[in-house]
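**Student:** Hey, dropping query.cif in here, mmCIF, C-alpha atoms:
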```
data_data
#
loop_
_atom_site.group_PDB
_atom_site.id
_atom_site.type_symbol
_atom_site.label_atom_id
_atom_site.label_comp_id
_atom_site.auth_asym_id
_atom_site.auth_seq_id
_atom_site.Cartn_x
_atom_site.Cartn_y
_atom_site.Cartn_z
ATOM 1 C CA MET Y 1187 -13.377 -13.429 -27.111
ATOM 2 C CA SER Y 1188 -16.468 -11.913 -28.632
ATOM 3 C CA THR Y 1189 -17.004 -8.210 -29.085
ATOM 4 C CA ASN Y 1190 -20.473 -6.721 -29.034
ATOM 5 C CA HIS Y 1191 -20.765 -4.183 -31.835
ATOM 6 C CA GLU Y 1192 -24.433 -3.473 -31.310
ATOM 7 C CA PRO Y 1193 -25.235 0.207 -30.817
ATOM 8 C CA ALA Y 1194 -26.149 1.288 -27.314
ATOM 9 C CA SER Y 1195 -29.844 1.451 -26.687
ATOM 10 C CA PRO Y 1196 -31.470 4.906 -26.903
ATOM 11 C CA ARG Y 1197 -32.433 4.577 -23.224
ATOM 12 C CA ALA Y 1198 -28.780 4.139 -22.192
ATOM 13 C CA HIS Y 1199 -27.893 7.358 -24.013
ATOM 14 C CA GLN Y 1200 -30.718 9.270 -22.300
ATOM 15 C CA ASP Y 1201 -29.374 8.344 -18.867
ATOM 16 C CA GLN Y 1202 -26.053 10.037 -19.598
ATOM 17 C CA PRO Y 1203 -25.600 13.576 -18.269
ATOM 18 C CA THR Y 1204 -25.556 16.310 -20.866
ATOM 19 C CA ARG Y 1205 -22.009 17.280 -21.705
ATOM 20 C CA ARG Y 1206 -21.388 20.874 -22.614
ATOM 21 C CA PRO Y 1207 -18.257 22.413 -24.019
ATOM 22 C CA ARG Y 1208 -15.868 23.503 -21.256
ATOM 23 C CA ASP Y 1209 -16.175 27.167 -22.169
ATOM 24 C CA ILE Y 1210 -19.966 27.000 -21.658
ATOM 25 C CA ASP Y 1211 -19.525 25.319 -18.266
ATOM 26 C CA ALA Y 1212 -16.969 27.980 -17.313
ATOM 27 C CA PHE Y 1213 -19.407 30.741 -18.321
ATOM 28 C CA VAL Y 1214 -22.253 29.181 -16.315
ATOM 29 C CA ASP Y 1215 -19.994 28.736 -13.282
ATOM 30 C CA HIS Y 1216 -18.797 32.346 -13.532
ATOM 31 C CA PHE Y 1217 -22.366 33.636 -13.889
ATOM 32 C CA LEU Y 1218 -23.668 31.639 -10.923
ATOM 33 C CA SER Y 1219 -20.718 32.530 -8.687
ATOM 34 C CA THR Y 1220 -21.278 36.191 -9.524
ATOM 35 C CA MET Y 1221 -24.945 35.894 -8.590
ATOM 36 C CA CYS Y 1222 -24.183 34.216 -5.245
ATOM 37 C CA GLU Y 1223 -23.760 37.644 -3.626
ATOM 38 C CA ALA Y 1224 -26.880 39.430 -2.357
ATOM 39 C CA SER Y 1225 -25.779 42.974 -3.254
ATOM 40 C CA ARG Y 1226 -25.146 42.003 -6.877
ATOM 41 C CA ARG Y 1227 -28.596 40.415 -7.083
ATOM 42 C CA GLN Y 1228 -30.108 43.590 -5.632
ATOM 43 C CA ILE Y 1229 -28.241 45.706 -8.192
ATOM 44 C CA LEU Y 1230 -29.721 43.610 -10.991
ATOM 45 C CA GLU Y 1231 -33.173 43.986 -9.480
ATOM 46 C CA LEU Y 1232 -32.729 47.775 -9.522
ATOM 47 C CA LEU Y 1233 -31.505 47.762 -13.104
ATOM 48 C CA ALA Y 1234 -33.961 45.125 -14.313
ATOM 49 C CA PRO Y 1235 -36.988 44.668 -12.103
ATOM 50 C CA PRO Y 1236 -38.762 41.328 -12.692
ATOM 51 C CA HIS Y 1237 -40.698 41.337 -15.972
ATOM 52 C CA SER Y 1238 -39.079 44.619 -17.102
ATOM 53 C CA ALA Y 1239 -38.475 43.106 -20.544
ATOM 54 C CA GLU Y 1240 -42.226 43.351 -21.116
ATOM 55 C CA GLN Y 1241 -42.399 46.954 -19.858
ATOM 56 C CA GLY Y 1242 -39.922 48.616 -22.204
ATOM 57 C CA SER Y 1243 -36.282 49.411 -21.734
ATOM 58 C CA PRO Y 1244 -34.818 48.933 -18.258
ATOM 59 C CA PRO Y 1245 -33.519 51.936 -16.307
ATOM 60 C CA GLU Y 1246 -30.017 53.336 -16.424
ATOM 61 C CA LEU Y 1247 -28.642 54.335 -13.016
ATOM 62 C CA SER Y 1248 -25.484 55.993 -11.741
ATOM 63 C CA VAL Y 1249 -23.145 54.398 -9.219
ATOM 64 C CA THR Y 1250 -24.288 56.998 -6.679
ATOM 65 C CA ALA Y 1251 -27.982 56.247 -7.232
ATOM 66 C CA ILE Y 1252 -27.406 52.497 -6.927
ATOM 67 C CA ALA Y 1253 -25.289 52.919 -3.778
ATOM 68 C CA ARG Y 1254 -27.907 55.177 -2.199
ATOM 69 C CA ALA Y 1255 -30.783 52.822 -3.058
ATOM 70 C CA LEU Y 1256 -28.994 49.821 -1.525
ATOM 71 C CA GLY Y 1257 -27.366 51.630 1.398
ATOM 72 C CA LEU Y 1258 -23.875 50.680 0.238
ATOM 73 C CA ALA Y 1259 -20.687 52.702 0.038
ATOM 74 C CA PRO Y 1260 -19.975 53.949 -3.509
ATOM 75 C CA SER Y 1261 -16.626 52.081 -3.526
ATOM 76 C CA THR Y 1262 -18.328 48.795 -2.586
ATOM 77 C CA THR Y 1263 -21.009 49.425 -5.202
ATOM 78 C CA SER Y 1264 -18.335 50.080 -7.838
ATOM 79 C CA GLU Y 1265 -16.662 46.754 -7.056
ATOM 80 C CA HIS Y 1266 -19.962 44.908 -7.502
ATOM 81 C CA LEU Y 1267 -20.672 46.792 -10.733
ATOM 82 C CA GLN Y 1268 -17.241 45.860 -12.091
ATOM 83 C CA ARG Y 1269 -17.934 42.189 -11.386
ATOM 84 C CA LEU Y 1270 -21.347 42.383 -13.098
ATOM 85 C CA THR Y 1271 -19.740 44.180 -16.053
ATOM 86 C CA ALA Y 1272 -17.049 41.488 -16.345
ATOM 87 C CA THR Y 1273 -19.805 38.855 -16.430
ATOM 88 C CA GLY Y 1274 -21.443 40.692 -19.329
ATOM 89 C CA LEU Y 1275 -24.709 41.430 -17.538
ATOM 90 C CA ILE Y 1276 -24.404 45.221 -17.458
ATOM 91 C CA ILE Y 1277 -22.600 47.880 -19.464
ATOM 92 C CA PRO Y 1278 -21.300 51.245 -18.317
ATOM 93 C CA ARG Y 1279 -21.722 54.626 -19.994
ATOM 94 C CA ARG Y 1280 -19.671 57.616 -18.926
ATOM 95 C CA GLU Y 1281 -21.163 61.099 -18.989
ATOM 96 C CA GLY Y 1282 -18.597 63.576 -17.694
ATOM 97 C CA THR Y 1283 -17.484 62.268 -14.318
ATOM 98 C CA THR Y 1284 -20.589 60.131 -13.794
ATOM 99 C CA ILE Y 1285 -20.811 56.500 -14.851
ATOM 100 C CA TYR Y 1286 -24.239 55.058 -15.596
ATOM 101 C CA TYR Y 1287 -25.024 51.365 -15.784
ATOM 102 C CA ARG Y 1288 -27.723 49.479 -17.601
ATOM 103 C CA ILE Y 1289 -28.574 45.890 -18.316
ATOM 104 C CA CYS Y 1290 -26.809 44.405 -21.310
ATOM 105 C CA ASN Y 1291 -28.689 41.107 -21.637
ATOM 106 C CA ILE Y 1292 -32.228 41.453 -20.319
ATOM 107 C CA HIS Y 1293 -33.109 37.867 -21.297
ATOM 108 C CA LEU Y 1294 -30.318 36.409 -19.173
ATOM 109 C CA VAL Y 1295 -31.340 38.609 -16.244
ATOM 110 C CA GLN Y 1296 -35.003 37.629 -16.700
ATOM 111 C CA ALA Y 1297 -34.010 33.963 -16.671
ATOM 112 C CA PHE Y 1298 -32.214 34.632 -13.402
ATOM 113 C CA HIS Y 1299 -35.341 36.332 -11.988
ATOM 114 C CA ASP Y 1300 -37.336 33.252 -13.001
ATOM 115 C CA LEU Y 1301 -34.817 31.011 -11.227
ATOM 116 C CA VAL Y 1302 -35.043 33.103 -8.048
ATOM 117 C CA ALA Y 1303 -38.858 33.047 -8.214
ATOM 118 C CA GLY Y 1304 -38.801 29.256 -8.595
ATOM 119 C CA LEU Y 1305 -36.436 28.916 -5.644
ATOM 120 C CA HIS Y 1306 -38.688 31.188 -3.590
ATOM 121 C CA GLU Y 1307 -41.712 29.002 -4.359
ATOM 122 C CA GLU Y 1308 -39.782 25.829 -3.541
ATOM 123 C CA HIS Y 1309 -38.574 27.289 -0.250
ATOM 124 C CA ALA Y 1310 -42.098 28.402 0.677
ATOM 125 C CA SER Y 1311 -43.528 24.960 -0.106
ATOM 126 C CA ARG Y 1312 -40.883 23.262 2.029
ATOM 127 C CA ARG Y 1313 -41.629 25.545 4.949
ATOM 128 C CA SER Y 1314 -45.332 24.697 4.764
ATOM 129 C CA GLU Y 1315 -44.777 20.914 4.668
ATOM 130 C CA PRO Y 1316 -44.846 19.088 7.996
ATOM 131 C CA THR Y 1317 -41.454 17.884 9.191
ATOM 132 C CA ASN Y 1318 -40.737 14.461 10.664
ATOM 133 C CA GLU Y 1319 -40.842 16.056 14.101
ATOM 134 C CA ASP Y 1320 -44.393 17.317 13.423
ATOM 135 C CA VAL Y 1321 -45.654 13.831 12.549
ATOM 136 C CA SER Y 1322 -46.118 11.663 15.639
#
```
Could you render the structure as structure tokens?

**Tutor:**
Amino acid sequence: MSTNHEPASPRAHQDQPTRRPRDIDAFVDHFLSTMCEASRRQILELLAPPHSAEQGSPPELSVTAIARALGLAPSTTSEHLQRLTATGLIIPRREGTTIYYRICNIHLVQAFHDLVAGLHEEHASRRSEPTNEDVS
């Protein structure tokens, strides 16, 4: 019985999926599941409009202002803000009885904006391509 002790070829290694530590995968999963809700994405867009990193510091808004802008109940808005806070995307600041929120990690939010823009472009290109039904 012979045993092959030759190292695997570099090509074989390149075909393997990238393995990340479990805690990184858990963070990515938590982030993406948080962002799968439209109201939370809209909150981030209020707090960090696309390309706001280049335009100075992003705005700080109260729960009431966010709720009013999105047409949501303040209690629903608070639940979404708590989820975004737990994910580490925003941080609260209390001033008297009012809580203000601002972006904590503008680079992570900007990366998310870039992802959404890329998905928008992909969706638009798929809509403009002829389907099998169109080709006869």

**Student:** Show which residues sit within 7 Å of segment 1213-1227 of chain Y, as JSON, numbers by chain. Count all atoms listed in the file, and ignore same-chain residues fewer than 4 positions away.

**Tutor:** {"Y": [1209, 1231, 1266, 1273]}

**Student:** Nearest residue to Ala1297 of chain Y out of Y:Leu1275, Y:Ser1314, Y:Gly1257, Y:Ser1248, using all atoms listed in the file?

**Tutor:** Y:Leu1275

**Student:** For a test of reading the model, state the distance in Å between atom CA of Glu1315 of chain Y and atom CA of Gln1228 of chain Y, rounded to one decimal.

**Tutor:**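 Here the two named atoms are 28.9 Å from each other.
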
**Student:** Would you compute the box with edges along x, y and z of the file around segment 1203-1213 of chain Y, including every atom the file lists for it and 4 Å extra on each side, and give its centre and edge lengths in Å to one decimal, as AutoDock Vina command-line options?

**Tutor:**
```
--center_x -20.7 --center_y 22.2 --center_z -20.7 --size_x 17.7 --size_y 25.2 --size_z 14.7
```

**Student:** Residues at most 10 Å from His1299 of chain Y, counting all atoms listed in the file, excluding those fewer than 5 positions away in the same chain, as a list in words?

**Tutor:**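 Here the qualifying residues turn out to be Arg1227, Leu1230, Glu1231, Ala1234, Pro1235, Pro1236, His1237, His1293, Leu1294, Gly1304 and Leu1305 of chain Y.
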
**Student:** So which residues touch Val1249 of chain Y within 9 Å, counting all atoms listed in the file, skipping near sequence neighbours fewer than 2 positions away, as an mmCIF file with C-alpha atoms, in the frame of the given file?

**Tutor:**
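Written file, around.cif:
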```
data_model
loop_
_atom_site.group_PDB
_atom_site.id
_atom_site.type_symbol
_atom_site.label_atom_id
_atom_site.label_comp_id
_atom_site.auth_asym_id
_atom_site.auth_seq_id
_atom_site.Cartn_x
_atom_site.Cartn_y
_atom_site.Cartn_z
ATOM 1 C CA LEU Y 1247 -28.642 54.335 -13.016
ATOM 2 C CA ALA Y 1251 -27.982 56.247 -7.232
ATOM 3 C CA ILE Y 1252 -27.406 52.497 -6.927
ATOM 4 C CA ALA Y 1253 -25.289 52.919 -3.778
ATOM 5 C CA ARG Y 1254 -27.907 55.177 -2.199
ATOM 6 C CA PRO Y 1260 -19.975 53.949 -3.509
ATOM 7 C CA SER Y 1261 -16.626 52.081 -3.526
ATOM 8 C CA THR Y 1263 -21.009 49.425 -5.202
ATOM 9 C CA SER Y 1264 -18.335 50.080 -7.838
ATOM 10 C CA LEU Y 1267 -20.672 46.792 -10.733
ATOM 11 C CA THR Y 1284 -20.589 60.131 -13.794
ATOM 12 C CA ILE Y 1285 -20.811 56.500 -14.851
ATOM 13 C CA TYR Y 1286 -24.239 55.058 -15.596
ATOM 14 C CA TYR Y 1287 -25.024 51.365 -15.784
#
```

**Student:** Restricting the calculation to only C-alpha atoms: of Y:Arg1313, Y:Glu1281, Y:Ile1229, Y:Arg1205, which residue gets closest to Gln1268 of chain Y?

**Tutor:**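 That would be Y:Ile1229, the residue with the smallest distance to Gln1268 of chain Y.
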
**Student:** Take atom CA of Pro1278 of chain Y and atom CA of Leu1301 of chain Y and report the distance between them in Å, one decimal.

**Tutor:**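 About the pair atom CA of Pro1278 of chain Y and atom CA of Leu1301 of chain Y: they are 25.3 Å apart.
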
**Student:** Tell me which of Y:Leu1233, Y:Ser1311, Y:Thr1271, Y:Glu1246 sits closest to Gln1296 of chain Y, counting all atoms listed in the file.

**Tutor:**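 Smallest distance to Gln1296 of chain Y is found for Y:Leu1233.
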
**Student:** From the list Y:Leu1270, Y:Thr1204, Y:Leu1232, Y:Ala1212, which residue is nearest Asn1291 of chain Y when using only C-alpha atoms?

**Tutor:**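 Ranking Y:Leu1270, Y:Thr1204, Y:Leu1232, Y:Ala1212 by distance to Asn1291 of chain Y, first place goes to Y:Leu1270.
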
**Student:** In Å to one decimal, how far is atom CA of Asp1300 of chain Y from atom CA of Arg1312 of chain Y?

**Tutor:**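 Answer for the atom CA of Arg1312 of chain Y to atom CA of Asp1300 of chain Y separation: 18.4 Å.
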